[in-house]
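Everything below concerns the one structure shown next.
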Amino acid sequence: MPALLLLGALVVYPVLFSVGRSFFDASGTRFVGADNYTAMFRDPATLQAVRNSTIWVVVAPTLLTGLGLVLAVLVERIRWASAFKLLLFLPMAVSFLAAGIIFRLAYEEDPDKGVFNAAVVGVHDVFADGPSYPGARARDGEGVRTAADGAYETAGPVAPGGAPLLLGLVGVSPADVPDGARPAAGAASAPAGPGELRGVAYLDFTPGGGGHPGRVDPAERGLPGLTVEAVRGGEVATATTGADGAFRFTGLDAGGTYTVRLPAENFAAPFSGVSWLGPALVTPAIIGAYLWIWTGFAMVLIGAGLTALPRDALEAARMDGASEWQVFRLITVPLLAPVLTVVFVTLVINVMKVFDLIYIIAPGPVQQDATVLATQMWLVSFGGGNDQGLGSALGVLLLLLVVPAMVFNVRRFRRSQS
């Protein structure tokens with residue numbers, strides 16, 4: 001009787017109260033019948049929550065069960081198996097709130113703060129050259145104008161063989177100029193030969209003052225690594241500035257004229273990583289945090305099942321010439337099927353109720369993009385909606401979705417006990 005009273009107070013009464021409350025309006029004073037259930041399935045936010053919950057149920061338990069199986073099999077073959085299991089199981093000791101804060105910081109878009117984007121940017125920069133001088137711009141009124149596509153180009157056509165072109169740029173901190181940059185004054189005075197077009201791209205700024213806009217002063221350095229184009233009609237010749245900012249085009253038509261351009265790619269913002277918490281990736285990103293927490297749980301349970309397998313069956317298969325992959329696929333996995341099923345169904349029940357990670361990790365603007373039934377129930381009831389009738393209907397829907405998995409798990413447990 002004491003146990004029944006406790007269960008009734010903590011489980012049965014809240015369930016029955018929620019079912020009854022779902023038939024009343026937001027104030028709880030007017031009976032509305034099934035209106036809350038009708039409104040629930042007409043609400044785009046609820047449909048989004050159902051879609052996201054489906055993604056969670058399909059993806060997270062499958063990945064966790066697979067990872068747990070692979071790790072459990074591999075851990076059996078290493079010397080420090082217990083230490084490795086402890087290391088993977090440690091995240092289970094971290095609360096979902098703390099884990100959410102950890103991953104909210106790890107997913108920061110700024111690579112100086114977010115460890116994932118720091119890694120992505122590091123790998124990207126190894127294989128791709130970033131823009132040379134983000135934010136640099138041409139000095140107005142000095143023979144260079146802004147093109148429609150954001151590039152900078154000479155204000156008029158230029159002919160080969162003339163004086164060197166002076167492409168002065170500002171908006172670059174002297175500290176951001178590469179260490180190997182040399183003074184540009186020498187390149188600014190080198191004459192061009194027939195069919196040749198020379199010039200220099202330089203920082204038109206003298207630290208400490210005293211410089212002259214539009215002229216290459218002795219203390220001003222070139223900007224190495226800039227891409228420069230000489231365009232005539234549909235023909236484009238390309239050059240790259242050297243350490244002193246000098247560039248040179250040869251083999252040009254001595255009687256023609258060209259427009260010299262600094263393409264916009266030279267000045268674009270550098271690659272800053274992936275928007276992990278944007279609308280497109282927020283759900284996979286949160287599932288990744290969930291995997292970090294629960295992989296150890298799946299591995300330990302499946303590892304316990306592995307220790308109970310009959311070793312003679314495995315050894316007999318090896319003696320018959322079966323490869324390790326065949327032993328794993330045809331013997332280990334079938335024998336582990338009951339354990340794998342229990343782990344999978346337990347995780348399905350768990351992900352149906354996931355709340356903390358989504359509420360903590362997903363930023364406010366994308367909260368609706370990441371919402372699942374549990375978070376939607378809370379948002380509707382207490383997080384601004386203040387409609388506990390509709391929130392109770394969502395709670396009943398969540399209960400109806402979880403009950404079949406719970407019944408299946410209980411029946412399997414009873415059969416294994418018998």
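Order determines the names: the first chain of the structure tokens is A, the second B, and so forth; residues in each chain are numbered 1 upward, and ligands are numbered 1 upward as they are shown.
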Which polymer residues have any atom within 9 Å of an atom of Tyr133 of chain A, counting only C-alpha atoms, with same-chain residues fewer than 2 positions away left out, as a PyMOL selection string? chain A and resi 131+135-136+171-172+176-177+223+226+266-270
Export of prior selection with N, CA, C and O atoms as a compact mmCIF listing (two decimals), in the first residue's frame:
```txt
# COMPACT_ATOMS: atom_id res chain seq x y z
N PRO A 131 42.19 34.78 -48.26
CA PRO A 131 42.35 36.10 -48.87
C PRO A 131 43.55 36.81 -48.26
O PRO A 131 43.90 36.61 -47.10
N GLY A 135 39.36 43.43 -45.85
CA GLY A 135 39.02 44.78 -45.42
C GLY A 135 39.83 45.88 -46.06
O GLY A 135 39.53 47.07 -45.86
N ALA A 136 40.87 45.55 -46.84
CA ALA A 136 41.66 46.59 -47.50
C ALA A 136 40.82 47.29 -48.57
O ALA A 136 39.91 46.70 -49.15
N GLY A 171 43.43 50.78 -45.12
CA GLY A 171 42.55 49.87 -44.40
C GLY A 171 43.25 48.62 -43.92
O GLY A 171 42.60 47.66 -43.49
N VAL A 172 44.57 48.59 -44.03
CA VAL A 172 45.37 47.45 -43.56
C VAL A 172 46.24 47.95 -42.42
O VAL A 172 46.97 48.94 -42.57
N ASP A 176 49.52 43.89 -39.82
CA ASP A 176 48.99 42.78 -40.62
C ASP A 176 49.75 42.58 -41.93
O ASP A 176 49.47 41.64 -42.67
N VAL A 177 50.66 43.47 -42.24
CA VAL A 177 51.49 43.30 -43.43
C VAL A 177 52.49 42.17 -43.15
O VAL A 177 53.10 42.13 -42.08
N LEU A 223 52.66 45.15 -50.70
CA LEU A 223 51.71 44.15 -50.19
C LEU A 223 51.89 42.87 -51.01
O LEU A 223 51.35 42.74 -52.11
N LEU A 226 49.19 39.53 -53.48
CA LEU A 226 47.94 39.98 -54.10
C LEU A 226 47.85 39.46 -55.54
O LEU A 226 48.84 39.44 -56.28
N ASN A 266 40.79 39.15 -53.14
CA ASN A 266 41.92 39.58 -52.32
C ASN A 266 41.50 40.18 -50.99
O ASN A 266 42.28 40.21 -50.04
N PHE A 267 40.27 40.68 -50.93
CA PHE A 267 39.85 41.48 -49.78
C PHE A 267 38.64 40.89 -49.05
O PHE A 267 38.06 41.54 -48.19
N ALA A 268 38.26 39.67 -49.43
CA ALA A 268 37.11 39.04 -48.78
C ALA A 268 37.45 38.66 -47.34
O ALA A 268 38.62 38.50 -46.97
N ALA A 269 36.43 38.52 -46.52
CA ALA A 269 36.63 38.08 -45.14
C ALA A 269 37.21 36.67 -45.14
O ALA A 269 36.83 35.84 -45.97
N PRO A 270 38.12 36.36 -44.24
CA PRO A 270 38.72 35.03 -44.22
C PRO A 270 37.71 33.97 -43.83
O PRO A 270 36.70 34.26 -43.18
```
As an MDAnalysis selection string, which residues of segment 237-369 of chain A does DSSP assign to helix (DSSP H, G or I)? chainID A and resid 264:267 282:307 311:319 324:352 356:361 364:369
Restricting the output to C-alpha atoms, write the selected residues as a PDB file, in the first residue's frame.
```
ATOM      1  CA  ALA A 264      37.577  41.206 -54.811  1.00  0.00           C
ATOM      2  CA  GLU A 265      38.817  37.798 -53.610  1.00  0.00           C
ATOM      3  CA  ASN A 266      41.924  39.582 -52.318  1.00  0.00           C
ATOM      4  CA  PHE A 267      39.846  41.485 -49.784  1.00  0.00           C
ATOM      5  CA  VAL A 282      21.809  22.760 -35.201  1.00  0.00           C
ATOM      6  CA  THR A 283      20.048  19.386 -34.844  1.00  0.00           C
ATOM      7  CA  PRO A 284      23.041  17.288 -36.034  1.00  0.00           C
ATOM      8  CA  ALA A 285      25.308  19.375 -33.783  1.00  0.00           C
ATOM      9  CA  ILE A 286      23.169  18.648 -30.713  1.00  0.00           C
ATOM     10  CA  ILE A 287      22.984  14.959 -31.641  1.00  0.00           C
ATOM     11  CA  GLY A 288      26.790  15.016 -31.679  1.00  0.00           C
ATOM     12  CA  ALA A 289      26.806  16.296 -28.095  1.00  0.00           C
ATOM     13  CA  TYR A 290      24.343  13.565 -27.144  1.00  0.00           C
ATOM     14  CA  LEU A 291      26.623  10.914 -28.688  1.00  0.00           C
ATOM     15  CA  TRP A 292      29.539  12.204 -26.614  1.00  0.00           C
ATOM     16  CA  ILE A 293      27.552  11.634 -23.430  1.00  0.00           C
ATOM     17  CA  TRP A 294      25.902   8.285 -24.175  1.00  0.00           C
ATOM     18  CA  THR A 295      28.475   6.343 -26.211  1.00  0.00           C
ATOM     19  CA  GLY A 296      30.100   5.045 -23.030  1.00  0.00           C
ATOM     20  CA  PHE A 297      26.734   3.801 -21.763  1.00  0.00           C
ATOM     21  CA  ALA A 298      26.105   1.780 -24.937  1.00  0.00           C
ATOM     22  CA  MET A 299      29.677   0.456 -24.998  1.00  0.00           C
ATOM     23  CA  VAL A 300      29.564  -0.773 -21.381  1.00  0.00           C
ATOM     24  CA  LEU A 301      26.216  -2.537 -21.771  1.00  0.00           C
ATOM     25  CA  ILE A 302      27.221  -4.213 -25.022  1.00  0.00           C
ATOM     26  CA  GLY A 303      30.617  -5.070 -23.519  1.00  0.00           C
ATOM     27  CA  ALA A 304      28.830  -6.832 -20.660  1.00  0.00           C
ATOM     28  CA  GLY A 305      26.919  -8.847 -23.268  1.00  0.00           C
ATOM     29  CA  LEU A 306      30.166  -9.708 -25.037  1.00  0.00           C
ATOM     30  CA  THR A 307      31.654 -11.208 -21.875  1.00  0.00           C
ATOM     31  CA  ARG A 311      33.810 -18.430 -26.471  1.00  0.00           C
ATOM     32  CA  ASP A 312      33.782 -21.926 -27.896  1.00  0.00           C
ATOM     33  CA  ALA A 313      31.504 -20.799 -30.746  1.00  0.00           C
ATOM     34  CA  LEU A 314      33.870 -17.988 -31.647  1.00  0.00           C
ATOM     35  CA  GLU A 315      36.952 -20.220 -31.469  1.00  0.00           C
ATOM     36  CA  ALA A 316      35.242 -22.942 -33.505  1.00  0.00           C
ATOM     37  CA  ALA A 317      34.473 -20.424 -36.244  1.00  0.00           C
ATOM     38  CA  ARG A 318      38.096 -19.251 -36.326  1.00  0.00           C
ATOM     39  CA  MET A 319      39.345 -22.831 -36.486  1.00  0.00           C
ATOM     40  CA  GLU A 324      37.511 -11.814 -38.042  1.00  0.00           C
ATOM     41  CA  TRP A 325      34.944  -9.887 -40.083  1.00  0.00           C
ATOM     42  CA  GLN A 326      32.936 -13.086 -40.686  1.00  0.00           C
ATOM     43  CA  VAL A 327      33.103 -13.999 -37.000  1.00  0.00           C
ATOM     44  CA  PHE A 328      31.888 -10.499 -36.085  1.00  0.00           C
ATOM     45  CA  ARG A 329      29.114 -10.360 -38.697  1.00  0.00           C
ATOM     46  CA  LEU A 330      27.823 -13.937 -38.600  1.00  0.00           C
ATOM     47  CA  ILE A 331      28.361 -14.952 -34.974  1.00  0.00           C
ATOM     48  CA  THR A 332      29.027 -12.047 -32.624  1.00  0.00           C
ATOM     49  CA  VAL A 333      26.256  -9.736 -33.852  1.00  0.00           C
ATOM     50  CA  PRO A 334      23.508 -12.453 -33.974  1.00  0.00           C
ATOM     51  CA  LEU A 335      24.422 -13.657 -30.480  1.00  0.00           C
ATOM     52  CA  LEU A 336      24.368 -10.072 -29.227  1.00  0.00           C
ATOM     53  CA  ALA A 337      21.007  -9.292 -30.873  1.00  0.00           C
ATOM     54  CA  PRO A 338      19.003  -9.354 -27.578  1.00  0.00           C
ATOM     55  CA  VAL A 339      21.473  -6.979 -25.901  1.00  0.00           C
ATOM     56  CA  LEU A 340      21.592  -4.696 -28.935  1.00  0.00           C
ATOM     57  CA  THR A 341      17.809  -4.548 -29.016  1.00  0.00           C
ATOM     58  CA  VAL A 342      17.588  -3.604 -25.351  1.00  0.00           C
ATOM     59  CA  VAL A 343      20.230  -0.894 -25.786  1.00  0.00           C
ATOM     60  CA  PHE A 344      18.535   0.466 -28.904  1.00  0.00           C
ATOM     61  CA  VAL A 345      15.031   0.588 -27.390  1.00  0.00           C
ATOM     62  CA  THR A 346      16.339   2.130 -24.156  1.00  0.00           C
ATOM     63  CA  LEU A 347      18.015   4.867 -26.161  1.00  0.00           C
ATOM     64  CA  VAL A 348      14.840   5.422 -28.207  1.00  0.00           C
ATOM     65  CA  ILE A 349      12.921   6.038 -24.974  1.00  0.00           C
ATOM     66  CA  ASN A 350      15.670   8.366 -23.795  1.00  0.00           C
ATOM     67  CA  VAL A 351      15.887  10.484 -26.947  1.00  0.00           C
ATOM     68  CA  MET A 352      12.114  10.901 -27.042  1.00  0.00           C
ATOM     69  CA  ASP A 356      18.278  19.857 -21.604  1.00  0.00           C
ATOM     70  CA  LEU A 357      20.780  19.728 -24.465  1.00  0.00           C
ATOM     71  CA  ILE A 358      18.418  21.343 -26.951  1.00  0.00           C
ATOM     72  CA  TYR A 359      17.356  24.071 -24.563  1.00  0.00           C
ATOM     73  CA  ILE A 360      20.955  24.933 -23.608  1.00  0.00           C
ATOM     74  CA  ILE A 361      22.836  24.498 -26.906  1.00  0.00           C
ATOM     75  CA  GLY A 364      17.318  31.687 -29.253  1.00  0.00           C
ATOM     76  CA  PRO A 365      16.932  32.503 -32.981  1.00  0.00           C
ATOM     77  CA  VAL A 366      17.170  28.812 -33.951  1.00  0.00           C
ATOM     78  CA  GLN A 367      15.380  27.339 -30.950  1.00  0.00           C
ATOM     79  CA  GLN A 368      12.346  26.551 -33.093  1.00  0.00           C
ATOM     80  CA  ASP A 369      14.544  24.906 -35.746  1.00  0.00           C
TER      81      ASP A 369
END
```
For atom CA of Gly242 of chain A and atom CA of Val120 of chain A, quote the distance in Å rounded to one decimal.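 Distance reported for this atom pair: 29.2 Å.
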Which of these residues is nearest to Glu153 of chain A, using only C-alpha atoms: A:Arg261, A:Arg415, A:Arg51, A:Arg248? A:Arg261
I'd like the neighbourhood of Leu390 of chain A as a list of chain:residue names, where a residue qualifies if any of its atoms comes within 10 Å (using only C-alpha atoms), though same-chain residues fewer than 4 positions away should be ignored. A:Arg21, A:Ser22, A:Phe23, A:Phe24, A:Asp25, A:Ala26, A:Asp35, A:Asn36, A:Tyr37, A:Thr38, A:Ala39, A:Met40, A:Met377, A:Val380, A:Ser381, A:Gly385, A:Asn386, A:Leu394, A:Gly395, A:Val396
I need the chosen residues saved as a JSON list (two decimals), in the first residue's frame, with C-alpha atoms.
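Resulting contents of result.json:
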```json
[["chain", "number", "residue", "atom", "x", "y", "z"],
["A", 21, "ARG", "CA", -6.02, 19.34, -18.46],
["A", 22, "SER", "CA", -5.49, 18.76, -22.18],
["A", 23, "PHE", "CA", -9.29, 19.08, -22.69],
["A", 24, "PHE", "CA", -9.44, 22.62, -21.26],
["A", 25, "ASP", "CA", -8.39, 26.00, -22.63],
["A", 26, "ALA", "CA", -5.30, 28.01, -21.64],
["A", 35, "ASP", "CA", -9.57, 21.43, -29.78],
["A", 36, "ASN", "CA", -6.06, 21.36, -28.27],
["A", 37, "TYR", "CA", -5.25, 18.18, -30.15],
["A", 38, "THR", "CA", -6.58, 19.67, -33.38],
["A", 39, "ALA", "CA", -4.60, 22.89, -32.86],
["A", 40, "MET", "CA", -1.51, 20.89, -32.00],
["A", 377, "MET", "CA", 5.79, 21.09, -24.58],
["A", 380, "VAL", "CA", 4.09, 26.15, -25.01],
["A", 381, "SER", "CA", 3.32, 25.62, -21.32],
["A", 385, "GLY", "CA", 3.16, 30.38, -24.57],
["A", 386, "ASN", "CA", 1.40, 30.09, -21.19],
["A", 394, "LEU", "CA", 1.72, 17.69, -26.27],
["A", 395, "GLY", "CA", 2.63, 15.81, -23.10],
["A", 396, "VAL", "CA", -0.06, 13.22, -23.80]]
```
Do a neighbour search on Leu105 of chain A at 12 Å with only C-alpha atoms, toss out local chain neighbours closer than 4 positions, and write the hits as a list in words. Ala98, Ala99, Gly100, Ile101, Glu109, Asp110, Pro111, Asp112, Lys113, Gly114, Val115, Phe116, Asn117, Ala118, Trp276, Leu277, Ala289, Ile360, Ile361, Ala362 and Pro363 of chain A
Tell me, in Å to one decimal, how far atom CA of Pro279 of chain A is from atom CA of Val50 of chain A.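 Atom CA of Val50 of chain A lies 16.2 Å from atom CA of Pro279 of chain A.
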For the interface of segment 54-157 of chain A with segment 162-170 of chain A (cut-off 12 Å, counting only C-alpha atoms), please tabulate each contacting residue of segment 54-157 of chain A alongside its nearest pair of atoms and their separation in Å to one decimal, rows sorted by chain and increasing number, as CSV.
```
residue,atom,partner,partner_atom,distance
A:Tyr133,CA,A:Leu169,CA,9.9
A:Pro134,CA,A:Val170,CA,11.1
A:Gly135,CA,A:Val170,CA,9.0
A:Ala136,CA,A:Val170,CA,5.8
A:Arg137,CA,A:Leu169,CA,5.5
A:Ala138,CA,A:Leu169,CA,4.4
A:Arg139,CA,A:Leu169,CA,5.7
A:Asp140,CA,A:Leu169,CA,9.4
A:Gly141,CA,A:Gly168,CA,10.6
A:Glu142,CA,A:Gly168,CA,7.8
A:Gly143,CA,A:Leu167,CA,8.0
A:Val144,CA,A:Leu167,CA,6.9
A:Arg145,CA,A:Leu167,CA,10.2
A:Thr146,CA,A:Leu169,CA,11.8
A:Tyr152,CA,A:Leu167,CA,9.1
A:Glu153,CA,A:Leu167,CA,8.7
A:Thr154,CA,A:Leu167,CA,8.2
A:Ala155,CA,A:Leu167,CA,10.9
A:Gly156,CA,A:Leu165,CA,11.6
A:Pro157,CA,A:Leu165,CA,11.4
```
Shell around His124 of chain A at 12 Å using only C-alpha atoms, local window under 5 positions removed, as a ChimeraX atom specification: /A:117-119,129-130,270-274
